[in-house]
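Asks: Below: one structure in structure tokens.
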Amino acid sequence: MSASQAPDTRVDLAGIPLRNPVLTASGTFGYGSEFAPFLDLRRIGGFVAKSLTLKPRFGNPPPRISEAPSGMLNAISLENVGVDAFIDEKLPVIPDGVTVIASLFETEIAGYAAVAERLSEEPRIAGLEVNASCPHVKSGGIEFGQNPKVLAELVRSVRRATSRPLLVKLSPNVTDIGEMARVCEAEGADGISLINAVQGLEVDPETRRPVLSNVLGGLSGPAIRPIALRMVWQASRAVTLPICGIGGIATAADAIKFLLCGATAVQVGTANYLDPAVAGEIVDGIEDYLKRHGIERVSDLVGALEIPPDRRS
Amino acid sequence: MSASQAPDTRVDLAGIPLRNPVLTASGTFGYGSEFAPFLDLRRIGGFVAKSLTLKPRFGNPPPRISEAPSGMLNAISLENVGVDAFIDEKLPVIPDGVTVIASLFETEIAGYAAVAERLSEEPRIAGLEVNASCPHVKSGGIEFGQNPKVLAELVRSVRRATSRPLLVKLSPNVTDIGEMARVCEAEGADGISLINAVQGLEVDPETRRPVLSNVLGGLSGPAIRPIALRMVWQASRAVTLPICGIGGIATAADAIKFLLCGATAVQVGTANYLDPAVAGEIVDGIEDYLKRHGIERVSDLVGALEIPPDRRS
Amino acid sequence: MADPVPIRTDAVVVENRSEGGANRRLRLQVDGWRGFGPGQFVMLSPGSRADVVRSDPLLPRPMAVYRAAPAGAGAVVEILFKVSGRGTGLLADVLPGQRVALVGPLGRSFDLPESGERAILVAGGTGIASVYELAARARANTEVSVLLGARTRDDLMGVEDFESLGVALRLATEDGSAGEQGLVTALLEAELAVDGTARVYVCGPTPMMRRCAEISAARGRPCVVSLENTMACGFGVCLGCAAPLATGGYALVCRDGPMFDAEQVAWEGLP
Amino acid sequence: MADPVPIRTDAVVVENRSEGGANRRLRLQVDGWRGFGPGQFVMLSPGSRADVVRSDPLLPRPMAVYRAAPAGAGAVVEILFKVSGRGTGLLADVLPGQRVALVGPLGRSFDLPESGERAILVAGGTGIASVYELAARARANTEVSVLLGARTRDDLMGVEDFESLGVALRLATEDGSAGEQGLVTALLEAELAVDGTARVYVCGPTPMMRRCAEISAARGRPCVVSLENTMACGFGVCLGCAAPLATGGYALVCRDGPMFDAEQVAWEGLP
Ligand SMILES: Cc1cc2nc3c(=O)[nH]c(=O)nc-3n(C[C@H](O)[C@H](O)[C@H](O)COP(=O)(O)OP(=O)(O)OC[C@H]3O[C@@H](n4cnc5c(N)ncnc54)[C@H](O)[C@@H]3O)c2cc1C
Ligand SMILES: Cc1cc2nc3c(=O)[nH]c(=O)nc-3n(C[C@H](O)[C@H](O)[C@H](O)COP(=O)(O)OP(=O)(O)OC[C@H]3O[C@@H](n4cnc5c(N)ncnc54)[C@H](O)[C@@H]3O)c2cc1C
Ligand SMILES: Cc1cc2nc3c(=O)[nH]c(=O)nc-3n(C[C@H](O)[C@H](O)[C@H](O)COP(=O)(O)O)c2cc1C
Ligand SMILES: Cc1cc2nc3c(=O)[nH]c(=O)nc-3n(C[C@H](O)[C@H](O)[C@H](O)COP(=O)(O)O)c2cc1C
Ligand code: FES
Ligand code: FES
């Protein structure tokens, strides 16, 4: 590759063609247009909108967020405008050429399928991401993504409800992420996204109460990046499905680490709060890296981690 | 309590009487005497020595450690002087009045039992802590503490091998920490310690290699504190066994959070590296807190987290 | 007039000096600044200064725009803040020439009082920083009374600036070290005892705002409060800053506020 | 003589100034300091300054004690360091009066050359900081040659200090901007071509140390190298700084080193 030639940053994520592998993560990018003042949405690979339920939902009482070491805890719960308002009000204001992935969740499997069906009617949506980190009411608070049987049932019924590219976003709160990845593969998902926030708890020693009204929250940000990288690597060895890597990404170097561990694309989450233009800078940084290393296609990085021979178990 | 009266900081951890609830964690406190220049070992509740195997072991090639956001990754592996050298050379130089807990691990269950037997002969050792975060060779790299059946077998056979106070140190890399806690309770452990380091991975994007020679490592430090607090709280609701809380503790406030979540005592780990006197300062800080809040006994804090009524599921 | 479109940039520290007690005045050169409305705020990231990136403390800190003056390719933006934790502790350390990531201006601005309507601005502690610009702009076409309160003299901010504005200024401190001894809410009660129309604007600790809302309601005067919730983003996408509404549901303090009509707020649900 | 017992304290910054290029000189007031041996180091925690505690970057940074002079209730300890990452970037920012957590002195010290034995000190880049005190102490009873190398003039540290010691000093830079053009290893080859006993002490990048070890071995001269591994604790408890030994197994750089006889080291196993 000549130094002047722009590297090819395109990737195909689970049947969704992306101009580059940098997406932004559900719940950290609103419904997209909030970022228009800061970032040309066409510069990034696309965005995953806030997870939708069938009906609008209010979410948890405050406090909903708390700072943590190199991270934050959140317990926003299900707050969203609902699938209809998303389609009627939010989607139309997204400029053409911006790739939109819709995220969905519910507290019962039937609900998921209904939201998926409704979203599948919408040509403007490039693909669906099933958020499996929601507590499954019937399993008494265990997340859908924490039980392989429940997860299988969930993926199966959403798969039946849609023929659109289908990503399943996995919970990191599991013993064996490879097992969950295999469930998704077996049930016909087109790809997996990981990781969602890690379950955590923060306490105020002065009031002796949990900081979050919900007691438990999800830990996100740089703190969880080593865990996310590990899980992406483990999942990439368990399945051939494309993987979208998520967790603590704040720089191009971070994104590249995920690609090397086997992710086809990445999602930037919490970092958007600190710097609403960061996703664009990560795109720039990846291009610089490719040029500097004389790599023609970003896809050449995917899974290119070099493991020392004696560790290739 | 009058302001001048010193609060009672004594606790009983699984049959081990401690002058205060601040221990130091295995692998972060050497064999104790390394800290003598910095800290009066009698000031703290006690220490857990580096995990021992039957024979001395060398450990992994470098790099063994790497910095992470608000934490570090380590892959020291099994390096230790072996149980005999510990008893013959390390224990005798520990001053009287210092509470020593011995930690043990092996790659097979029979090995654990043998180390436990050898350690049980030693009156100077106040109790044993079984490190269940070691890869179980027969399960192909899964940790002992990741499989309830393997964990049950492990605890059962170590329980048979010793009548001394027995703590089981749990792996955090599981879906349901409560289940693992119940296994320990059912098999006759006297208490549980949690958490060990969280499995993570770090990559050098320039060399495209994992930073650690072992590829995977254990994430420790403040980054994991919200995860540890959550697991201690979950375990405390699952069992009545006393719990020793571990993970990212660096201040008295951190320690108190763990007590409130249900820990009877805590262990300070990575923070010892940054400040070898920190465990003593945590003891001081807890005393100050008790005085400031007019609390007579530190044990009154254990499990005293106030949960809002509508969240008491 | 619509609020200006926010920008995101690395502001350069022009000055960072003590303002008495734990308070500091930070002056930032912000290139590309497009103006702001009274009551709007910026998010500052002292924990991830551009020259040495670090991730703890992680979240940016919301700070009211105290005032701004055109300068260079933008403006010098002034912030008055109190050192009260780790983020503000780091902010206290930044030196002239160093950079601080900034996003803003954010939030809605105060609606100015209608012409002829008297404006009573009540502010406590760091809330003082949120009302200076309102005082400066409102005095053009209305009578403005500013009531500032704090625990002690050192906790007051910007008193001289308010004095030079030429607005009616009254102070209250709990220890009597400046102005009247007592709570600023007592000053409000006295002000409202005078007849006539008046709109009350309040920014300060939640109990103070709630009390001001009660006092105003008792007199039938409209009251606007500027809430301070923990924020992660500041522009409506994390949903972290929710404040419960009297009518049920939540508003986002960063996007729908920070100012609300006092009767909109479900006070008992605020943390 | 046994090395002094280490202490752990908050050192107070006395001075922090540029030393040319990315290099800086940090002078710390360390109360309770009990002295140190040449080649010993301290662990500094710039990421968790005592006034604003933060946990990123987390680990303390090992830094050689360049030199120390009694002062007040202890000593002023001098550190020469290069800004090369986040920890050293924060260290570059600390101001006089601010505090930096310090643990040390740690590690073994260099064995001084025997009387009459010539000492050749070879140092590259930041390794220069590790050999100044050795030069200062060894010159009392031996002939000392100091060979300093760096990429360019700006990367050299402390040259004037070495000059005022009155030791034989030769410089090499890769770009010829100071001293001879080329690698410092070439200077060593020239020095060893001269007959007589000599002990070689080396501190610098691993490839340079390895090459010096080979050159010395070829001439049958003893060679001591001071290794730089990533460290978490600095006092032998994390087992993170393991260096592979030629005889199998590992030594801890912080406890058993940082200096080792060159033939003890299994060079191919170093990261
Ligand atoms: C719209 C708005 C405008 C503000 N304007 C000013 C101002 O002009 N001057 C000023 O001194 N302060 C102002 N504050 C309060 C200021 O944001 C907090 O004092 C500051 O965030 C505390 O950070 P810390 O790192 O010192 O405290 P820490 O205790 O370390 O903070 C921990 C977390 O809690 C949050 N937090 C702590 N206290 C508050 C608070 N009172 N309000 C909101 N979040 C808080 C922090 O942002 C952080 O996320 C404003 C707050 C809001 C919401
Ligand atoms: C015994 C000893 C003495 C030293 N003396 C000096 C000295 O006097 N002056 C000086 O400038 N440097 C010295 N160094 C090297 C210095 O420790 C590193 O340059 C420094 O740790 C880099 O930190 P950073 O935050 O700038 O880099 P980062 O890249 O942010 O560091 C990331 C991690 O890698 C470690 N690391 C990075 N580079 C090195 C290195 N070369 N050696 C060891 N660990 C490293 C850091 O400690 C940290 O844990 C010494 C190292 C050792 C082991
Ligand atoms: C405030 C907040 C809200 C979130 N909401 C959602 C959500 O609605 N759906 C979802 O799938 N993930 C949600 N997430 C998880 C993120 O998409 C992402 O998986 C996680 O934060 C880890 O990435 P990060 O470390 O880059 O933030 C949310 C995260 C945060 C911080
Ligand atoms: C370098 C290092 C070595 C460790 N070695 C052991 C060990 O031998 N046995 C063990 O049970 N835990 C070991 N641990 C885990 C700690 O005891 C502790 O459980 C973990 O680090 C979490 O606590 P922290 O965040 O306070 O460090 C080690 C941790 C570190 C960082
Ligand atoms: S602070 Fe993020 S939505 Fe208000
Ligand atoms: S740095 Fe911890 S053992 Fe050497």
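By order in the structure tokens, chains are A, B, ...; within a chain, residues start at 1; ligands start at 1, following the order shown.
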Mind checking which residues fall within 6 Å of Ala119 in chain C, counting only C-alpha atoms, ignoring those fewer than 5 positions away in the same chain, and posting them as an MDAnalysis selection string?

Replies: chainID C and resid 144 198:199

Asks: Create the file for the chosen residues now, containing C-alpha atoms and written as a PDB file, in the first residue's frame.

Replies:
```
ATOM      1  CA  VAL C 144     -33.262  43.096  40.523  1.00  0.00           C
ATOM      2  CA  ALA C 198     -42.040  39.562  41.710  1.00  0.00           C
ATOM      3  CA  ARG C 199     -40.535  36.488  40.157  1.00  0.00           C
TER       4      ARG C 199
END
```

Asks: Which protein, DNA or RNA residues have an atom within 6 Å of ligand 4, counting only C-alpha atoms and all ligand atoms, as an mmCIF file with C-alpha atoms, in the first residue's frame?

Replies:
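Below is the file that was written, result.cif:
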```cif
data_model
loop_
_atom_site.group_PDB
_atom_site.id
_atom_site.type_symbol
_atom_site.label_atom_id
_atom_site.label_comp_id
_atom_site.auth_asym_id
_atom_site.auth_seq_id
_atom_site.Cartn_x
_atom_site.Cartn_y
_atom_site.Cartn_z
ATOM 1 C CA ALA B 25 -4.700 -10.520 51.038
ATOM 2 C CA SER B 26 -2.774 -13.500 49.793
ATOM 3 C CA GLY B 27 -0.190 -12.702 47.146
ATOM 4 C CA THR B 28 -0.062 -9.054 48.079
ATOM 5 C CA LYS B 50 1.083 -16.036 49.587
ATOM 6 C CA SER B 51 -0.698 -19.197 48.414
ATOM 7 C CA ASN B 74 -1.177 -10.131 37.097
ATOM 8 C CA ASN B 131 -7.657 -20.438 46.890
ATOM 9 C CA ILE B 195 -13.300 -11.910 45.569
ATOM 10 C CA ASN B 196 -10.144 -13.089 43.904
ATOM 11 C CA ALA B 197 -8.928 -11.167 40.849
ATOM 12 C CA SER B 220 -7.249 -6.304 40.816
ATOM 13 C CA GLY B 221 -7.347 -2.892 42.426
ATOM 14 C CA PRO B 222 -10.018 -0.179 42.765
ATOM 15 C CA ILE B 246 -11.760 -8.420 49.198
ATOM 16 C CA GLY B 247 -11.384 -6.242 46.141
ATOM 17 C CA GLY B 248 -9.957 -2.803 45.568
ATOM 18 C CA ILE B 249 -9.919 -1.763 49.209
ATOM 19 C CA VAL B 268 -6.447 -5.358 51.582
ATOM 20 C CA GLY B 269 -4.689 -6.448 48.396
ATOM 21 C CA THR B 270 -3.173 -4.362 45.612
ATOM 22 C CA CYS D 238 4.076 -8.955 44.179
#
```

Asks: Which protein, DNA or RNA residues have an atom within 8 Å of ligand 1, counting only C-alpha atoms and all ligand atoms, as a ChimeraX atom specification?

Replies: /A:66-67 /C:23,39-42,57,59-66,79-90,107,125-130,205,226-232,253-254,258

Asks: Any chance you could tabulate, as CSV, the residues of chain B at most 7 Å from chain D with each one's nearest atom pair and distance in Å to one decimal, using only C-alpha atoms, in chain and rising number order?

Replies:
```
residue,atom,partner,partner_atom,distance
B:Gly27,CA,D:Cys238,CA,6.4
B:Thr28,CA,D:Cys238,CA,5.7
B:Phe29,CA,D:Val237,CA,5.9
B:Gly30,CA,D:Val237,CA,4.4
B:Pro37,CA,D:Pro6,CA,6.6
B:Phe38,CA,D:Ile7,CA,6.5
B:Phe58,CA,D:Gly249,CA,5.9
B:Pro62,CA,D:Ala242,CA,6.1
B:Pro63,CA,D:Pro271,CA,6.2
B:Arg64,CA,D:Gly240,CA,5.3
B:Ile65,CA,D:Gly240,CA,5.5
B:Glu67,CA,D:Leu59,CA,6.9
B:Pro69,CA,D:Asp56,CA,5.8
B:Ser70,CA,D:Asp56,CA,4.6
B:Gly71,CA,D:Leu58,CA,6.0
B:Ile76,CA,D:Leu239,CA,6.6
B:Pro222,CA,D:Ser55,CA,6.9
B:Tyr273,CA,D:Cys233,CA,4.3
B:Leu274,CA,D:Pro60,CA,6.0
```

Asks: Could the residues in this selection be written to a file with N, CA, C and O atoms, as a PDB file, in the first residue's frame?

Replies:
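Listing of selection-v4.pdb after writing:
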```
ATOM      1  N   GLY B  27      -0.875 -13.092  48.373  1.00  0.00           N
ATOM      2  CA  GLY B  27      -0.190 -12.702  47.146  1.00  0.00           C
ATOM      3  C   GLY B  27       0.142 -11.229  47.089  1.00  0.00           C
ATOM      4  O   GLY B  27       0.822 -10.780  46.164  1.00  0.00           O
ATOM      5  N   THR B  28      -0.351 -10.487  48.072  1.00  0.00           N
ATOM      6  CA  THR B  28      -0.062  -9.054  48.079  1.00  0.00           C
ATOM      7  C   THR B  28       0.687  -8.662  49.341  1.00  0.00           C
ATOM      8  O   THR B  28       0.983  -7.485  49.539  1.00  0.00           O
ATOM      9  N   PHE B  29       1.007  -9.650  50.168  1.00  0.00           N
ATOM     10  CA  PHE B  29       1.646  -9.345  51.446  1.00  0.00           C
ATOM     11  C   PHE B  29       2.843 -10.257  51.680  1.00  0.00           C
ATOM     12  O   PHE B  29       3.348 -10.368  52.801  1.00  0.00           O
ATOM     13  N   GLY B  30       3.291 -10.896  50.605  1.00  0.00           N
ATOM     14  CA  GLY B  30       4.450 -11.772  50.712  1.00  0.00           C
ATOM     15  C   GLY B  30       4.242 -12.792  51.813  1.00  0.00           C
ATOM     16  O   GLY B  30       3.155 -13.391  51.934  1.00  0.00           O
ATOM     17  N   PRO B  37       9.308  -3.242  57.919  1.00  0.00           N
ATOM     18  CA  PRO B  37       9.827  -1.866  57.957  1.00  0.00           C
ATOM     19  C   PRO B  37       8.740  -0.801  57.941  1.00  0.00           C
ATOM     20  O   PRO B  37       8.980   0.345  58.328  1.00  0.00           O
ATOM     21  N   PHE B  38       7.566  -1.151  57.457  1.00  0.00           N
ATOM     22  CA  PHE B  38       6.558  -0.125  57.176  1.00  0.00           C
ATOM     23  C   PHE B  38       5.386  -0.130  58.150  1.00  0.00           C
ATOM     24  O   PHE B  38       4.649   0.839  58.254  1.00  0.00           O
ATOM     25  N   PHE B  58       7.984 -22.118  40.359  1.00  0.00           N
ATOM     26  CA  PHE B  58       8.656 -20.975  39.744  1.00  0.00           C
ATOM     27  C   PHE B  58       7.709 -19.881  39.240  1.00  0.00           C
ATOM     28  O   PHE B  58       8.066 -18.721  39.196  1.00  0.00           O
ATOM     29  N   PRO B  62       8.224 -13.517  32.527  1.00  0.00           N
ATOM     30  CA  PRO B  62       7.766 -12.133  32.404  1.00  0.00           C
ATOM     31  C   PRO B  62       7.308 -11.835  30.979  1.00  0.00           C
ATOM     32  O   PRO B  62       7.682 -12.581  30.073  1.00  0.00           O
ATOM     33  N   PRO B  63       6.527 -10.790  30.744  1.00  0.00           N
ATOM     34  CA  PRO B  63       5.924  -9.906  31.746  1.00  0.00           C
ATOM     35  C   PRO B  63       4.798 -10.590  32.511  1.00  0.00           C
ATOM     36  O   PRO B  63       3.968 -11.286  31.939  1.00  0.00           O
ATOM     37  N   ARG B  64       4.810 -10.344  33.803  1.00  0.00           N
ATOM     38  CA  ARG B  64       3.806 -10.933  34.693  1.00  0.00           C
ATOM     39  C   ARG B  64       2.764  -9.932  35.145  1.00  0.00           C
ATOM     40  O   ARG B  64       1.745 -10.329  35.718  1.00  0.00           O
ATOM     41  N   ILE B  65       3.052  -8.665  35.012  1.00  0.00           N
ATOM     42  CA  ILE B  65       2.101  -7.651  35.464  1.00  0.00           C
ATOM     43  C   ILE B  65       1.957  -6.566  34.403  1.00  0.00           C
ATOM     44  O   ILE B  65       2.838  -6.375  33.566  1.00  0.00           O
ATOM     45  N   GLU B  67      -0.202  -2.572  33.948  1.00  0.00           N
ATOM     46  CA  GLU B  67      -1.119  -1.613  34.540  1.00  0.00           C
ATOM     47  C   GLU B  67      -2.436  -1.631  33.779  1.00  0.00           C
ATOM     48  O   GLU B  67      -2.468  -1.907  32.586  1.00  0.00           O
ATOM     49  N   PRO B  69      -6.647   0.396  33.837  1.00  0.00           N
ATOM     50  CA  PRO B  69      -7.309   1.570  34.393  1.00  0.00           C
ATOM     51  C   PRO B  69      -7.760   1.327  35.845  1.00  0.00           C
ATOM     52  O   PRO B  69      -8.519   0.399  36.109  1.00  0.00           O
ATOM     53  N   SER B  70      -7.252   2.106  36.765  1.00  0.00           N
ATOM     54  CA  SER B  70      -7.527   1.943  38.195  1.00  0.00           C
ATOM     55  C   SER B  70      -7.287   0.519  38.691  1.00  0.00           C
ATOM     56  O   SER B  70      -7.958   0.061  39.615  1.00  0.00           O
ATOM     57  N   GLY B  71      -6.343  -0.145  38.079  1.00  0.00           N
ATOM     58  CA  GLY B  71      -6.062  -1.497  38.513  1.00  0.00           C
ATOM     59  C   GLY B  71      -4.797  -2.036  37.900  1.00  0.00           C
ATOM     60  O   GLY B  71      -4.017  -1.302  37.289  1.00  0.00           O
ATOM     61  N   ILE B  76       1.022 -14.164  37.913  1.00  0.00           N
ATOM     62  CA  ILE B  76       2.185 -14.670  38.647  1.00  0.00           C
ATOM     63  C   ILE B  76       2.200 -16.190  38.585  1.00  0.00           C
ATOM     64  O   ILE B  76       3.237 -16.822  38.639  1.00  0.00           O
ATOM     65  N   PRO B 222      -8.743  -0.901  42.640  1.00  0.00           N
ATOM     66  CA  PRO B 222     -10.018  -0.179  42.765  1.00  0.00           C
ATOM     67  C   PRO B 222     -11.013  -0.461  41.646  1.00  0.00           C
ATOM     68  O   PRO B 222     -12.228  -0.430  41.877  1.00  0.00           O
ATOM     69  N   TYR B 273       0.769  -2.563  47.658  1.00  0.00           N
ATOM     70  CA  TYR B 273       1.919  -2.274  46.792  1.00  0.00           C
ATOM     71  C   TYR B 273       2.181  -0.784  46.727  1.00  0.00           C
ATOM     72  O   TYR B 273       3.324  -0.345  46.677  1.00  0.00           O
ATOM     73  N   LEU B 274       1.100  -0.017  46.667  1.00  0.00           N
ATOM     74  CA  LEU B 274       1.251   1.433  46.536  1.00  0.00           C
ATOM     75  C   LEU B 274       1.682   2.050  47.845  1.00  0.00           C
ATOM     76  O   LEU B 274       2.378   3.042  47.877  1.00  0.00           O
TER      77      LEU B 274
END
```

Asks: Quick one: everything within 10 Å of range 153-157 of chain C, counting only C-alpha atoms, minus sequence neighbours fewer than 2 positions away in the same chain. Send it as a ChimeraX atom specification.

Replies: /C:19-25,80-82,123-129,148-151,159-162,171-179

Asks: Which residues are near range 102-118 of chain A? Cut-off 9 Å, only C-alpha atoms, ignore same chain within fewer than 5 positions. Put them as a ChimeraX atom specification.

Replies: /A:26,47-54,78,83-84,125-138,144,150,153-154,157-162

Asks: Would you output that residue set with N, CA and C atoms, as a CSV table (one decimal), in the first residue's frame?

Replies:
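Full text of again.csv as output:
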```csv
chain,number,residue,atom,x,y,z
A,26,SER,N,-25.5,1.4,22.6
A,26,SER,CA,-26.8,1.7,23.1
A,26,SER,C,-26.8,2.3,24.5
A,47,PHE,N,-24.5,4.0,14.7
A,47,PHE,CA,-24.8,4.0,16.1
A,47,PHE,C,-25.9,3.0,16.5
A,48,VAL,N,-25.8,2.6,17.7
A,48,VAL,CA,-26.9,1.7,18.2
A,48,VAL,C,-27.7,2.6,19.2
A,49,ALA,N,-29.0,2.7,18.9
A,49,ALA,CA,-29.9,3.6,19.6
A,49,ALA,C,-30.2,3.1,21.0
A,50,LYS,N,-30.6,3.9,21.9
A,50,LYS,CA,-31.1,3.5,23.3
A,50,LYS,C,-32.1,2.3,23.1
A,51,SER,N,-31.9,1.3,24.0
A,51,SER,CA,-32.8,0.1,23.9
A,51,SER,C,-34.3,0.5,24.0
A,52,LEU,N,-35.1,-0.1,23.2
A,52,LEU,CA,-36.5,0.2,23.1
A,52,LEU,C,-37.4,-0.9,23.7
A,53,THR,N,-38.4,-0.5,24.3
A,53,THR,CA,-39.5,-1.4,24.7
A,53,THR,C,-40.7,-1.1,23.9
A,54,LEU,N,-41.7,-1.9,24.0
A,54,LEU,CA,-43.0,-1.7,23.2
A,54,LEU,C,-43.6,-0.4,23.6
A,78,LEU,N,-35.3,0.7,32.4
A,78,LEU,CA,-35.9,0.6,31.1
A,78,LEU,C,-36.2,1.9,30.4
A,83,VAL,N,-41.0,2.1,21.2
A,83,VAL,CA,-40.7,1.8,19.8
A,83,VAL,C,-41.4,2.7,18.8
A,84,ASP,N,-42.7,3.0,19.1
A,84,ASP,CA,-43.4,3.9,18.1
A,84,ASP,C,-42.8,5.3,18.0
A,125,ILE,N,-33.8,1.1,9.4
A,125,ILE,CA,-33.0,0.5,10.5
A,125,ILE,C,-32.1,-0.6,9.8
A,126,ALA,N,-30.8,-0.6,10.1
A,126,ALA,CA,-29.9,-1.5,9.4
A,126,ALA,C,-29.9,-2.9,10.0
A,127,GLY,N,-30.2,-2.9,11.3
A,127,GLY,CA,-30.1,-4.2,12.0
A,127,GLY,C,-30.6,-4.0,13.4
A,128,LEU,N,-30.8,-5.2,14.1
A,128,LEU,CA,-31.3,-5.2,15.4
A,128,LEU,C,-30.3,-5.7,16.4
A,129,GLU,N,-30.3,-5.1,17.6
A,129,GLU,CA,-29.4,-5.7,18.6
A,129,GLU,C,-30.3,-6.0,19.8
A,130,VAL,N,-30.3,-7.3,20.2
A,130,VAL,CA,-31.1,-7.7,21.3
A,130,VAL,C,-30.3,-7.6,22.6
A,131,ASN,N,-30.8,-6.7,23.5
A,131,ASN,CA,-30.1,-6.5,24.8
A,131,ASN,C,-30.5,-7.6,25.8
A,132,ALA,N,-29.6,-8.5,26.0
A,132,ALA,CA,-30.0,-9.7,26.8
A,132,ALA,C,-29.6,-9.5,28.3
A,133,SER,N,-29.2,-8.2,28.6
A,133,SER,CA,-28.8,-8.0,30.0
A,133,SER,C,-29.9,-7.4,30.9
A,134,CYS,N,-31.2,-7.7,30.5
A,134,CYS,CA,-32.3,-7.2,31.2
A,134,CYS,C,-32.7,-8.3,32.2
A,135,PRO,N,-33.2,-8.0,33.4
A,135,PRO,CA,-33.6,-9.0,34.3
A,135,PRO,C,-34.9,-9.7,33.7
A,136,HIS,N,-34.8,-11.0,33.7
A,136,HIS,CA,-35.9,-11.8,33.3
A,136,HIS,C,-36.9,-12.0,34.4
A,137,VAL,N,-38.0,-11.4,34.3
A,137,VAL,CA,-39.0,-11.4,35.4
A,137,VAL,C,-39.3,-12.8,35.9
A,138,LYS,N,-39.5,-13.7,34.9
A,138,LYS,CA,-39.9,-15.1,35.3
A,138,LYS,C,-38.8,-15.8,36.1
A,144,PHE,N,-31.7,-12.4,31.3
A,144,PHE,CA,-31.9,-13.3,30.2
A,144,PHE,C,-30.5,-13.9,29.7
A,150,VAL,N,-32.7,-19.9,28.8
A,150,VAL,CA,-33.5,-18.7,28.6
A,150,VAL,C,-33.0,-17.9,27.4
A,153,GLU,N,-34.0,-19.5,24.2
A,153,GLU,CA,-35.4,-19.3,23.9
A,153,GLU,C,-35.6,-17.9,23.4
A,154,LEU,N,-34.9,-16.9,24.0
A,154,LEU,CA,-35.0,-15.5,23.6
A,154,LEU,C,-34.5,-15.3,22.1
A,157,SER,N,-36.9,-16.9,19.6
A,157,SER,CA,-38.2,-16.2,19.2
A,157,SER,C,-37.9,-14.9,18.5
A,158,VAL,N,-36.8,-14.2,18.9
A,158,VAL,CA,-36.6,-13.0,18.1
A,158,VAL,C,-36.2,-13.3,16.7
A,159,ARG,N,-35.4,-14.4,16.5
A,159,ARG,CA,-35.0,-14.8,15.2
A,159,ARG,C,-36.2,-15.1,14.3
A,160,ARG,N,-37.2,-15.7,14.9
A,160,ARG,CA,-38.4,-16.0,14.2
A,160,ARG,C,-39.2,-14.7,13.8
A,161,ALA,N,-39.0,-13.7,14.6
A,161,ALA,CA,-39.7,-12.4,14.4
A,161,ALA,C,-39.1,-11.5,13.4
A,162,THR,N,-37.9,-11.8,13.0
A,162,THR,CA,-37.2,-10.8,12.1
A,162,THR,C,-36.3,-11.6,11.2
```

Asks: Which residues come within 8 Å of Gly285 in chain A, counting only C-alpha atoms, excluding same-chain residues fewer than 2 positions away, as a ChimeraX atom specification?

Replies: /A:251-253,281-283,287-289

Asks: Would you please work out which residue, of D:Pro46, D:Gly32, D:Gly72, D:Pro4, is nearest to chain C when using only C-alpha atoms?

Replies: D:Pro46

Asks: For Glu163 in chain D, please output as a PDB file with C-alpha atoms, in the first residue's frame all residues within 12 Å (counting only C-alpha atoms; exclusion window: fewer than 4 positions along the same chain).

Replies:
```pdb
ATOM      1  CA  TYR D 132      25.837   8.805  39.319  1.00  0.00           C
ATOM      2  CA  ALA D 135      30.639   7.150  40.221  1.00  0.00           C
ATOM      3  CA  ALA D 136      30.667   9.572  43.144  1.00  0.00           C
ATOM      4  CA  SER D 145      35.506   6.042  33.656  1.00  0.00           C
ATOM      5  CA  VAL D 146      31.970   7.021  32.830  1.00  0.00           C
ATOM      6  CA  LEU D 147      30.571   6.395  29.361  1.00  0.00           C
ATOM      7  CA  LEU D 148      27.181   7.949  28.722  1.00  0.00           C
ATOM      8  CA  MET D 157      21.061  13.593  31.760  1.00  0.00           C
ATOM      9  CA  GLY D 158      23.271  15.074  34.441  1.00  0.00           C
ATOM     10  CA  VAL D 159      26.362  15.533  32.262  1.00  0.00           C
ATOM     11  CA  VAL D 167      35.764  11.359  36.632  1.00  0.00           C
ATOM     12  CA  ALA D 168      36.905  10.483  33.122  1.00  0.00           C
ATOM     13  CA  LEU D 169      33.767  11.159  31.085  1.00  0.00           C
ATOM     14  CA  ARG D 170      33.012  10.240  27.493  1.00  0.00           C
ATOM     15  CA  LEU D 171      29.757  10.783  25.659  1.00  0.00           C
TER      16      LEU D 171
END
```
